[in-house]
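Below is data17.cif, holding mmCIF, C-alpha atoms.
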```cif
data_protein
loop_
_atom_site.label_atom_id
_atom_site.label_comp_id
_atom_site.auth_asym_id
_atom_site.auth_seq_id
_atom_site.Cartn_x
_atom_site.Cartn_y
_atom_site.Cartn_z
CA MET A 1 -212.54 -96.81 8.75
CA ARG A 2 -214.83 -93.84 8.22
CA ILE A 3 -212.62 -90.73 8.28
CA ALA A 4 -213.79 -87.11 8.26
CA MET A 5 -211.54 -84.18 7.30
CA LEU A 6 -212.68 -80.72 8.40
CA GLY A 7 -211.31 -77.19 8.57
CA THR A 8 -210.01 -76.54 5.05
CA ARG A 9 -211.33 -75.19 1.77
CA GLY A 10 -211.55 -78.80 0.64
CA VAL A 11 -210.66 -80.57 -2.58
CA PRO A 12 -209.70 -80.37 -5.38
CA ALA A 13 -206.75 -78.59 -3.78
CA ALA A 14 -206.31 -75.09 -5.18
CA TYR A 15 -205.24 -72.90 -2.29
CA GLY A 16 -202.63 -73.92 0.28
CA GLY A 17 -200.79 -76.49 2.33
CA PHE A 18 -203.74 -77.82 4.29
CA GLU A 19 -205.75 -78.43 1.13
CA THR A 20 -202.82 -80.17 -0.52
CA ALA A 21 -202.36 -82.39 2.53
CA VAL A 22 -206.04 -83.31 2.57
CA GLU A 23 -205.95 -84.20 -1.13
CA GLU A 24 -202.73 -86.18 -1.02
CA VAL A 25 -203.48 -88.02 2.23
CA GLY A 26 -207.21 -88.44 1.69
CA ALA A 27 -206.76 -89.92 -1.78
CA ARG A 28 -204.27 -92.46 -0.49
CA LEU A 29 -206.49 -93.43 2.44
CA ALA A 30 -209.44 -93.83 0.09
CA ALA A 31 -207.34 -96.02 -2.21
CA ARG A 32 -206.64 -98.26 0.79
CA GLY A 33 -210.36 -98.84 1.29
CA HIS A 34 -211.23 -96.23 3.90
CA GLU A 35 -214.37 -94.07 3.56
CA VAL A 36 -213.01 -90.53 3.48
CA THR A 37 -215.31 -87.49 3.63
CA VAL A 38 -213.82 -84.04 3.01
CA TYR A 39 -215.78 -80.95 4.03
CA GLY A 40 -214.93 -77.76 2.13
CA ASP A 41 -216.22 -74.62 0.47
CA ARG A 42 -218.36 -74.13 -2.62
CA THR A 43 -215.55 -73.43 -5.09
CA HIS A 44 -216.30 -76.61 -7.06
CA PRO A 45 -220.00 -77.35 -6.32
CA GLU A 46 -220.20 -79.86 -9.14
CA VAL A 47 -217.54 -82.10 -7.55
CA THR A 48 -219.09 -84.64 -5.19
CA GLU A 49 -216.32 -87.24 -5.47
CA HIS A 50 -212.62 -86.61 -5.96
CA LEU A 51 -209.87 -89.24 -6.11
CA GLY A 52 -212.06 -91.64 -4.16
CA MET A 53 -213.04 -89.10 -1.48
CA ARG A 54 -216.59 -87.97 -0.83
CA VAL A 55 -216.74 -84.18 -1.09
CA VAL A 56 -219.26 -82.10 0.86
CA HIS A 57 -219.65 -78.38 0.07
CA LEU A 58 -220.66 -75.94 2.79
CA PRO A 59 -221.36 -72.21 3.05
CA SER A 60 -219.23 -69.72 4.94
CA LEU A 61 -219.43 -66.09 5.93
CA PRO A 62 -217.49 -63.89 3.43
CA VAL A 63 -215.48 -62.20 6.19
CA ARG A 64 -211.80 -63.00 6.65
CA GLN A 65 -212.04 -63.40 10.43
CA LEU A 66 -215.09 -65.69 10.24
CA GLU A 67 -214.76 -67.58 6.96
CA THR A 68 -212.91 -70.63 8.31
CA LEU A 69 -214.81 -70.75 11.60
CA SER A 70 -218.24 -70.53 9.96
CA ARG A 71 -217.47 -73.19 7.36
CA THR A 72 -216.01 -75.57 9.95
CA GLY A 73 -219.01 -74.94 12.19
CA ALA A 74 -221.31 -76.08 9.39
CA ALA A 75 -219.08 -79.10 8.77
CA THR A 76 -219.16 -80.01 12.46
CA LEU A 77 -222.95 -79.84 12.48
CA ARG A 78 -223.12 -82.18 9.47
CA THR A 79 -220.64 -84.55 11.08
CA VAL A 80 -222.32 -84.84 14.49
CA THR A 81 -225.82 -85.25 13.03
CA GLY A 82 -224.90 -87.77 10.36
CA GLU A 83 -223.32 -91.22 10.39
CA ARG A 84 -220.60 -91.11 13.01
CA PRO A 85 -217.07 -91.34 11.59
CA ASP A 86 -214.46 -93.45 13.36
CA VAL A 87 -212.10 -90.48 13.53
CA ALA A 88 -211.99 -86.81 12.52
CA PHE A 89 -208.97 -84.82 11.41
CA VAL A 90 -209.49 -81.10 12.07
CA PHE A 91 -207.05 -78.80 10.30
CA ASN A 92 -206.11 -75.42 11.82
CA ALA A 93 -206.07 -74.74 15.55
CA ALA A 94 -208.49 -71.85 14.91
CA ASN A 95 -211.21 -74.49 14.70
CA ALA A 96 -210.64 -75.59 18.30
CA PRO A 97 -214.14 -74.56 19.52
CA TYR A 98 -215.67 -77.43 17.54
CA VAL A 99 -213.43 -80.19 18.86
CA THR A 100 -215.44 -80.61 22.06
CA LEU A 101 -218.67 -80.99 20.04
CA LEU A 102 -217.14 -83.72 17.91
CA ARG A 103 -215.81 -85.57 20.94
CA ALA A 104 -219.19 -85.28 22.68
CA ARG A 105 -220.60 -87.29 19.77
CA GLY A 106 -218.01 -89.98 20.53
CA ILE A 107 -215.73 -89.05 17.62
CA PRO A 108 -211.98 -89.14 18.36
CA VAL A 109 -210.34 -85.95 17.05
CA ALA A 110 -206.82 -85.08 15.94
CA VAL A 111 -206.08 -81.38 15.38
CA HIS A 112 -203.42 -80.37 12.88
CA VAL A 113 -202.23 -77.23 14.65
CA ASP A 114 -200.22 -75.67 11.78
CA GLY A 115 -197.74 -72.86 12.46
CA LEU A 116 -197.84 -70.02 14.96
CA GLU A 117 -200.70 -68.17 13.34
CA TRP A 118 -200.94 -65.53 16.07
CA ARG A 119 -197.57 -64.15 14.97
CA ARG A 120 -198.86 -63.16 11.54
CA ALA A 121 -198.98 -59.41 10.99
CA LYS A 122 -202.36 -59.55 9.22
CA TRP A 123 -204.14 -60.22 12.52
CA GLY A 124 -204.96 -57.37 14.85
CA GLY A 125 -204.94 -57.63 18.62
CA ALA A 126 -208.25 -59.49 18.82
CA GLY A 127 -207.22 -61.95 16.12
CA ARG A 128 -203.90 -62.70 17.77
CA ALA A 129 -205.56 -63.15 21.15
CA TYR A 130 -208.07 -65.57 19.60
CA TYR A 131 -205.38 -67.67 17.93
CA ARG A 132 -203.40 -67.88 21.16
CA TRP A 133 -206.54 -68.97 22.99
CA ALA A 134 -207.30 -71.49 20.23
CA GLU A 135 -203.85 -73.05 20.55
CA GLN A 136 -204.48 -73.74 24.22
CA ARG A 137 -208.02 -74.90 23.54
CA SER A 138 -206.77 -77.37 20.93
CA VAL A 139 -204.33 -78.81 23.45
CA ARG A 140 -207.06 -79.18 26.08
CA ALA A 141 -209.76 -80.58 23.80
CA ALA A 142 -208.11 -82.89 21.26
CA ASP A 143 -207.26 -86.56 21.46
CA ALA A 144 -204.09 -85.90 19.44
CA LEU A 145 -202.18 -82.94 18.05
CA ILE A 146 -200.41 -83.06 14.68
CA ALA A 147 -197.33 -80.90 14.05
CA ASP A 148 -195.81 -80.69 10.57
CA ALA A 149 -192.33 -79.58 11.68
CA PRO A 150 -189.98 -80.29 14.59
CA GLY A 151 -190.10 -76.61 15.55
CA ILE A 152 -193.87 -76.77 15.98
CA ALA A 153 -193.61 -79.97 18.01
CA ASP A 154 -190.98 -78.34 20.23
CA TYR A 155 -193.21 -75.30 20.70
CA TYR A 156 -196.16 -77.33 22.01
CA ASP A 157 -193.89 -79.39 24.22
CA ARG A 158 -192.23 -76.29 25.67
CA GLU A 159 -195.27 -74.08 26.07
CA PHE A 160 -197.95 -76.62 27.03
CA ASP A 161 -196.02 -79.78 27.95
CA ALA A 162 -198.17 -81.40 25.27
CA PRO A 163 -197.06 -84.31 23.06
CA THR A 164 -197.62 -84.10 19.32
CA GLU A 165 -197.59 -86.42 16.36
CA LEU A 166 -194.84 -85.18 14.02
CA ILE A 167 -196.24 -85.76 10.52
CA ARG A 168 -194.55 -83.85 7.72
CA TYR A 169 -195.89 -82.77 4.35
CA GLY A 170 -194.82 -84.54 1.20
CA ALA A 171 -192.97 -82.99 -1.72
CA PRO A 172 -194.07 -83.38 -5.34
CA LEU A 173 -191.09 -84.70 -7.29
CA LEU A 174 -190.91 -83.06 -10.71
CA GLN A 175 -189.06 -84.72 -13.58
CA ARG A 176 -188.56 -83.59 -17.18
CA VAL A 177 -190.84 -80.55 -16.90
CA ALA A 178 -191.58 -78.81 -20.21
CA THR A 179 -190.06 -75.36 -20.73
CA ALA A 180 -192.64 -74.17 -23.28
CA PRO A 181 -195.02 -72.53 -20.72
CA LEU A 182 -192.29 -70.05 -19.76
CA ALA A 183 -192.62 -68.27 -23.10
CA ALA A 184 -196.03 -66.94 -22.08
CA VAL A 185 -194.41 -64.88 -19.31
CA GLY A 186 -191.25 -63.95 -21.20
CA LEU A 187 -188.80 -66.11 -19.25
CA GLU A 188 -186.01 -68.45 -20.32
CA PRO A 189 -185.08 -71.73 -18.62
CA ASP A 190 -182.45 -71.37 -15.88
CA ARG A 191 -182.24 -67.63 -16.49
CA PHE A 192 -184.50 -66.19 -13.79
CA HIS A 193 -184.98 -66.20 -10.03
CA LEU A 194 -188.39 -67.09 -8.59
CA ALA A 195 -190.37 -66.04 -5.52
CA VAL A 196 -193.82 -67.51 -4.78
CA ALA A 197 -195.81 -66.22 -1.81
CA ARG A 198 -198.90 -64.44 -0.65
CA PHE A 199 -198.09 -60.78 -0.18
CA GLU A 200 -197.91 -60.67 3.60
CA PRO A 201 -195.20 -59.13 5.81
CA GLU A 202 -194.11 -62.43 7.36
CA ASN A 203 -193.43 -63.79 3.84
CA HIS A 204 -190.95 -60.94 3.23
CA VAL A 205 -191.93 -60.35 -0.38
CA LEU A 206 -191.10 -56.66 0.01
CA GLU A 207 -187.61 -57.40 1.33
CA VAL A 208 -187.04 -59.85 -1.52
CA VAL A 209 -188.01 -57.26 -4.13
CA GLU A 210 -186.07 -54.45 -2.44
CA GLY A 211 -182.99 -56.63 -2.03
CA TYR A 212 -183.09 -57.87 -5.58
CA ARG A 213 -183.39 -54.30 -6.84
CA ARG A 214 -180.25 -53.31 -4.92
CA SER A 215 -178.33 -56.21 -6.43
CA ASP A 216 -176.32 -56.32 -9.63
CA ALA A 217 -178.27 -59.37 -10.76
CA ARG A 218 -178.26 -60.06 -14.48
CA LEU A 219 -181.17 -62.52 -14.43
CA PRO A 220 -184.75 -61.29 -13.85
CA LEU A 221 -186.81 -61.95 -10.72
CA ALA A 222 -190.27 -63.47 -11.28
CA VAL A 223 -192.66 -62.92 -8.38
CA VAL A 224 -195.81 -65.05 -8.19
CA GLY A 225 -198.50 -64.12 -5.69
CA SER A 226 -201.03 -61.58 -4.51
CA ALA A 227 -202.60 -60.33 -1.28
CA PRO A 228 -206.35 -60.83 -0.99
CA TYR A 229 -206.48 -58.94 2.31
CA SER A 230 -203.54 -56.51 2.18
CA ALA A 231 -203.85 -53.78 -0.44
CA ALA A 232 -201.33 -51.53 1.34
CA TYR A 233 -198.64 -54.20 1.35
CA THR A 234 -199.30 -54.97 -2.31
CA ARG A 235 -198.86 -51.29 -3.15
CA ALA A 236 -195.54 -51.27 -1.29
CA VAL A 237 -194.30 -54.28 -3.28
CA HIS A 238 -195.35 -52.70 -6.58
CA ALA A 239 -193.69 -49.41 -5.59
CA ALA A 240 -190.45 -51.25 -4.76
CA ALA A 241 -190.50 -52.93 -8.19
CA ALA A 242 -191.47 -49.85 -10.20
CA GLY A 243 -188.95 -48.73 -12.78
CA ASP A 244 -186.86 -51.92 -12.70
CA ASP A 245 -187.73 -54.02 -15.73
CA ARG A 246 -185.75 -56.94 -14.31
CA ILE A 247 -188.59 -57.52 -11.82
CA ARG A 248 -191.63 -59.36 -13.23
CA LEU A 249 -194.71 -59.29 -10.99
CA LEU A 250 -196.80 -62.11 -12.40
CA GLY A 251 -199.69 -61.99 -9.91
CA GLY A 252 -201.51 -65.18 -9.05
CA VAL A 253 -200.68 -68.13 -11.31
CA TRP A 254 -203.19 -70.98 -11.35
CA ASP A 255 -201.97 -72.79 -14.46
CA GLN A 256 -200.28 -75.89 -13.01
CA ASP A 257 -198.10 -76.45 -16.09
CA LEU A 258 -196.76 -72.91 -15.83
CA LEU A 259 -196.20 -73.21 -12.08
CA ASP A 260 -194.29 -76.45 -12.54
CA ALA A 261 -192.17 -74.84 -15.25
CA LEU A 262 -191.42 -71.85 -13.03
CA TYR A 263 -190.31 -74.01 -10.12
CA ALA A 264 -188.35 -76.49 -12.23
CA HIS A 265 -186.52 -74.04 -14.47
CA ALA A 266 -185.65 -71.18 -12.10
CA ARG A 267 -182.01 -70.64 -11.28
CA THR A 268 -182.99 -70.13 -7.64
CA TYR A 269 -186.17 -70.13 -5.60
CA VAL A 270 -186.27 -67.23 -3.11
CA HIS A 271 -188.30 -68.28 -0.06
CA GLY A 272 -189.25 -65.52 2.36
CA HIS A 273 -191.69 -67.36 4.66
CA SER A 274 -190.82 -66.95 8.33
CA VAL A 275 -193.95 -68.15 10.19
CA GLY A 276 -195.28 -71.67 10.13
CA GLY A 277 -193.85 -75.13 9.86
CA THR A 278 -192.94 -77.14 6.80
CA ASN A 279 -193.93 -74.95 3.86
CA PRO A 280 -195.42 -76.56 0.70
CA SER A 281 -193.89 -73.93 -1.63
CA LEU A 282 -190.43 -74.73 -0.31
CA LEU A 283 -191.05 -78.45 -0.73
CA ARG A 284 -192.23 -77.86 -4.29
CA ALA A 285 -189.00 -76.05 -5.12
CA MET A 286 -186.96 -78.84 -3.54
CA GLY A 287 -188.94 -81.46 -5.43
CA ALA A 288 -188.22 -79.54 -8.62
CA GLY A 289 -184.48 -79.67 -7.89
CA THR A 290 -184.08 -75.91 -7.57
CA ALA A 291 -181.47 -74.28 -5.34
CA THR A 292 -182.95 -72.06 -2.65
CA ILE A 293 -182.32 -68.68 -1.06
CA ALA A 294 -184.33 -68.86 2.17
CA PHE A 295 -185.27 -66.59 5.02
CA ASP A 296 -183.03 -67.51 7.95
CA VAL A 297 -185.42 -69.14 10.40
CA GLY A 298 -185.33 -72.54 12.07
CA PHE A 299 -188.24 -74.04 10.10
CA ASN A 300 -186.55 -73.34 6.77
CA ARG A 301 -183.07 -74.40 7.88
CA GLU A 302 -184.41 -77.72 9.13
CA VAL A 303 -186.34 -78.49 5.93
CA LEU A 304 -183.32 -77.62 3.78
CA ALA A 305 -180.79 -79.27 6.11
CA ASP A 306 -178.93 -75.92 6.14
CA ASP A 307 -178.09 -76.37 2.44
CA ALA A 308 -179.10 -72.96 1.04
CA TRP A 309 -178.20 -69.31 0.88
CA THR A 310 -180.03 -67.43 3.64
CA PHE A 311 -181.09 -63.86 4.39
CA ARG A 312 -182.64 -61.78 7.17
CA ASP A 313 -183.10 -58.45 5.38
CA ALA A 314 -183.01 -56.82 1.96
CA SER A 315 -179.25 -56.27 1.96
CA GLU A 316 -178.67 -60.00 2.51
CA VAL A 317 -181.07 -60.82 -0.33
CA ALA A 318 -178.83 -58.81 -2.66
CA ILE A 319 -175.73 -60.63 -1.42
CA ALA A 320 -177.35 -64.05 -1.84
CA ILE A 321 -178.69 -63.33 -5.33
CA GLU A 322 -175.28 -62.17 -6.51
CA ALA A 323 -173.58 -65.18 -4.90
CA ALA A 324 -175.97 -67.56 -6.65
CA GLU A 325 -175.38 -65.94 -10.02
CA ALA A 326 -171.63 -66.20 -9.55
CA ASP A 327 -171.42 -69.92 -8.71
CA ASP A 328 -172.88 -72.24 -11.34
CA ALA A 329 -171.48 -75.38 -9.70
CA LEU A 330 -173.00 -74.66 -6.29
CA VAL A 331 -176.39 -73.84 -7.83
CA VAL A 332 -176.44 -77.21 -9.58
CA ALA A 333 -175.16 -79.11 -6.54
CA ARG A 334 -177.68 -77.56 -4.18
CA GLY A 335 -180.51 -78.28 -6.59
CA ILE A 336 -179.48 -81.94 -6.86
CA ARG A 337 -179.19 -82.30 -3.09
CA ALA A 338 -182.55 -80.60 -2.51
CA HIS A 339 -184.27 -82.97 -4.93
CA ALA A 340 -182.66 -85.98 -3.26
CA ARG A 341 -183.68 -84.80 0.22
CA ALA A 342 -187.26 -84.18 -0.93
CA GLY A 343 -187.50 -87.71 -2.27
CA ARG A 344 -185.91 -89.21 0.81
CA VAL A 345 -187.55 -87.28 3.67
CA PHE A 346 -190.82 -85.77 2.38
CA ARG A 347 -192.81 -88.65 0.90
CA TRP A 348 -196.61 -88.51 0.65
CA ASP A 349 -196.95 -92.29 0.88
CA GLU A 350 -195.21 -92.24 4.26
CA VAL A 351 -197.27 -89.24 5.37
CA ALA A 352 -200.43 -91.22 4.56
CA ASP A 353 -199.04 -94.20 6.50
CA GLU A 354 -198.67 -91.99 9.57
CA TYR A 355 -202.18 -90.55 9.26
CA GLU A 356 -203.59 -94.06 8.86
CA ASP A 357 -201.69 -95.32 11.89
CA LEU A 358 -202.87 -92.37 13.98
CA ALA A 359 -206.47 -92.92 12.84
CA ARG A 360 -206.34 -96.57 13.88
CA ARG A 361 -204.87 -95.73 17.28
CA LEU A 362 -207.50 -93.06 17.94
CA ALA A 363 -210.31 -95.35 16.82
CA ASP A 364 -208.96 -97.97 19.24
CA GLY A 365 -209.22 -95.51 22.13
CA GLU A 366 -205.75 -93.96 22.37
CA SER A 367 -205.86 -90.32 23.50
CA VAL A 368 -203.72 -87.68 25.21
CA HIS A 369 -206.82 -85.89 26.48
CA ALA A 370 -206.50 -87.10 30.06
CA ARG A 371 -202.98 -85.68 30.21
CA THR A 372 -203.60 -82.36 28.46
CA ARG A 373 -207.17 -81.36 29.35
CA ARG A 374 -205.96 -78.86 31.96
CA ALA A 375 -202.86 -77.68 30.12
CA ARG A 376 -201.87 -74.03 30.42
CA ARG A 377 -199.43 -71.91 28.46
CA ALA A 378 -196.02 -71.59 30.06
CA PRO A 379 -195.42 -68.17 31.71
CA SER A 380 -192.30 -67.62 29.59
CA GLU A 381 -194.40 -67.63 26.42
CA ARG A 382 -196.84 -65.10 27.88
CA VAL A 383 -193.91 -62.78 28.55
CA HIS A 384 -192.48 -63.40 25.07
CA ALA A 385 -195.82 -62.66 23.43
CA GLY A 386 -196.13 -59.37 25.28
CA ARG A 387 -192.69 -58.32 24.10
CA ALA A 388 -193.43 -59.39 20.54
CA ALA A 389 -196.65 -57.40 20.48
CA SER A 390 -194.85 -54.28 21.64
#
```

Whole structure, structure tokens version:
Amino acid sequence: MRIAMLGTRGVPAAYGGFETAVEEVGARLAARGHEVTVYGDRTHPEVTEHLGMRVVHLPSLPVRQLETLSRTGAATLRTVTGERPDVAFVFNAANAPYVTLLRARGIPVAVHVDGLEWRRAKWGGAGRAYYRWAEQRSVRAADALIADAPGIADYYDREFDAPTELIRYGAPLLQRVATAPLAAVGLEPDRFHLAVARFEPENHVLEVVEGYRRSDARLPLAVVGSAPYSAAYTRAVHAAAAGDDRIRLLGGVWDQDLLDALYAHARTYVHGHSVGGTNPSLLRAMGAGTATIAFDVGFNREVLADDAWTFRDASEVAIAIEAAEADDALVVARGIRAHARAGRVFRWDEVADEYEDLARRLADGESVHARTRRARRAPSERVHAGRAAS
């Protein structure tokens, strides 16, 4: 089949979960003989082929609110005016306006809807309203919806009476990772805690740092991440860490060997993400066999099978950190169980199987469009959203 993948920054993957999924799934589909075209940004203009995938680079407007939409618009134009693919996978419900154009060209479309983007604090009122509209538009326009977590599937069933394809992410399984890269950042194997996240309120980096600071932890906390659009939040995190030399703010880390060493050799991984579905950073920690302290939300509990320390605020971070430092046996056991669950439940080969099966069904004419083209959001969610906004 000819398969198009739109809506991400493209490959090679260097940014987030969508890009990783495109790389992992697209490479496997290409290896099986399918013609896979990935549309992305101009980060790697010299790359025209990657792991068997054709790579097309497109411009975008350098404005946060329009970057994804403008790039996907250009990708849609290229797709509908070129050789027609048998199926298109569109990542991110924000790109819903282009689904109708693709379908008008006779291209079946599956939309990977991601998490509940409208709940992210970085979006103002207009941004949240757009994302809520885009969710509904995706339901009405697509031939299939892809959810990466049971909680997301339940949300679309409850709020729109819309069926979804539950297709998880895969977890990279790390084995025998070198410890040498840790020396560059002054850390010792198994003698530090790790947090990896963009500095955004819903990732609770500030609560993690504040909670750790209140704790009697003996081992340092390494924090990897930055905030390209949130200078005020970054300042708050730095202020919370100031004066405590146990806290190491490492900024963005793009060296894969160092990242692997951080995940594999941390005593615990502290995961503050609260919005979205199955999170790639959490899967990476599980695949590295690292015990987790996770924000107490359904998405995280489901991924971890409730086998982790949890927190809801800074005070509970302190309690969890101290508990993890006091129980060597439980740290080891939880790490072993996390690694086993990652290898059993979150397998990229099986993820690719499910994408391939969905592509074949869509190419053969299967579609939920007749059922969902007039779908409307349930009144209960409209009430909930109003309360959340207030």

### Task
Decode the PyMOL selection byres ((chain A and resi 17) around 12) for the given file into explicit residues and return them as a PyMOL selection string.
chain A and resi 8-11+13-16+18-25+91-92+112+114-115+148+168-171+276-284

### Task
For the structure shown, which residues end up in the PyMOL selection byres ((chain A and resi 240-250) around 8)? Put them as a count of residues only, please?
19

### Message
With all atoms listed in the file as the counted atoms, please give the residues lying no more than 9 Å from A:Thr68, apart from itself and same-chain residues fewer than 2 positions off, as an MDAnalysis selection string.
### Response
chainID A and resid 7:9 60:61 64:66 70:73 94:95

Select from stretch 38-131 of chain A every residue with an atom at most 12 Å from any atom of stretch 27-34 of chain A, then for each give the shortest pair of atoms and their distance in Å to one decimal, using only C-alpha atoms, rows by chain and rising number, as JSON lines.
```
{"residue": "A:Val38", "atom": "CA", "partner": "A:Ala27", "partner_atom": "CA", "distance": 10.4}
{"residue": "A:Glu49", "atom": "CA", "partner": "A:Ala27", "partner_atom": "CA", "distance": 10.6}
{"residue": "A:His50", "atom": "CA", "partner": "A:Ala27", "partner_atom": "CA", "distance": 7.9}
{"residue": "A:Leu51", "atom": "CA", "partner": "A:Ala27", "partner_atom": "CA", "distance": 5.4}
{"residue": "A:Gly52", "atom": "CA", "partner": "A:Ala30", "partner_atom": "CA", "distance": 5.5}
{"residue": "A:Met53", "atom": "CA", "partner": "A:Ala30", "partner_atom": "CA", "distance": 6.1}
{"residue": "A:Arg54", "atom": "CA", "partner": "A:Ala30", "partner_atom": "CA", "distance": 9.3}
{"residue": "A:Val55", "atom": "CA", "partner": "A:Ala27", "partner_atom": "CA", "distance": 11.5}
{"residue": "A:Pro85", "atom": "CA", "partner": "A:His34", "partner_atom": "CA", "distance": 10.8}
{"residue": "A:Asp86", "atom": "CA", "partner": "A:His34", "partner_atom": "CA", "distance": 10.4}
{"residue": "A:Val87", "atom": "CA", "partner": "A:His34", "partner_atom": "CA", "distance": 11.2}
```

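With only C-alpha atoms taken into account, the protein and nucleic acid residues at most 9 Å from A:Ile319 (excluding it and anything under 4 positions from it in its own chain) are A:Gly211, A:Tyr212, A:Ser215, A:Phe311, A:Ala314, A:Ser315, A:Ala323, A:Ala324.
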
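Comparing A:Thr372, A:Ser367, A:Ser230, A:Thr290 by their smallest distance to A:Ala342, the closest is A:Thr290 (using all atoms listed in the file).
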
### Task
To one decimal in Å, tell me the separation between atom CA of A:His271 and atom CA of A:Val177.
21.0 Å

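For the residues A:Thr310, A:Thr234, A:Asp327, A:Leu182, ranking by smallest atom-to-atom distance to A:Asp255 using all atoms listed in the file places A:Leu182 first.
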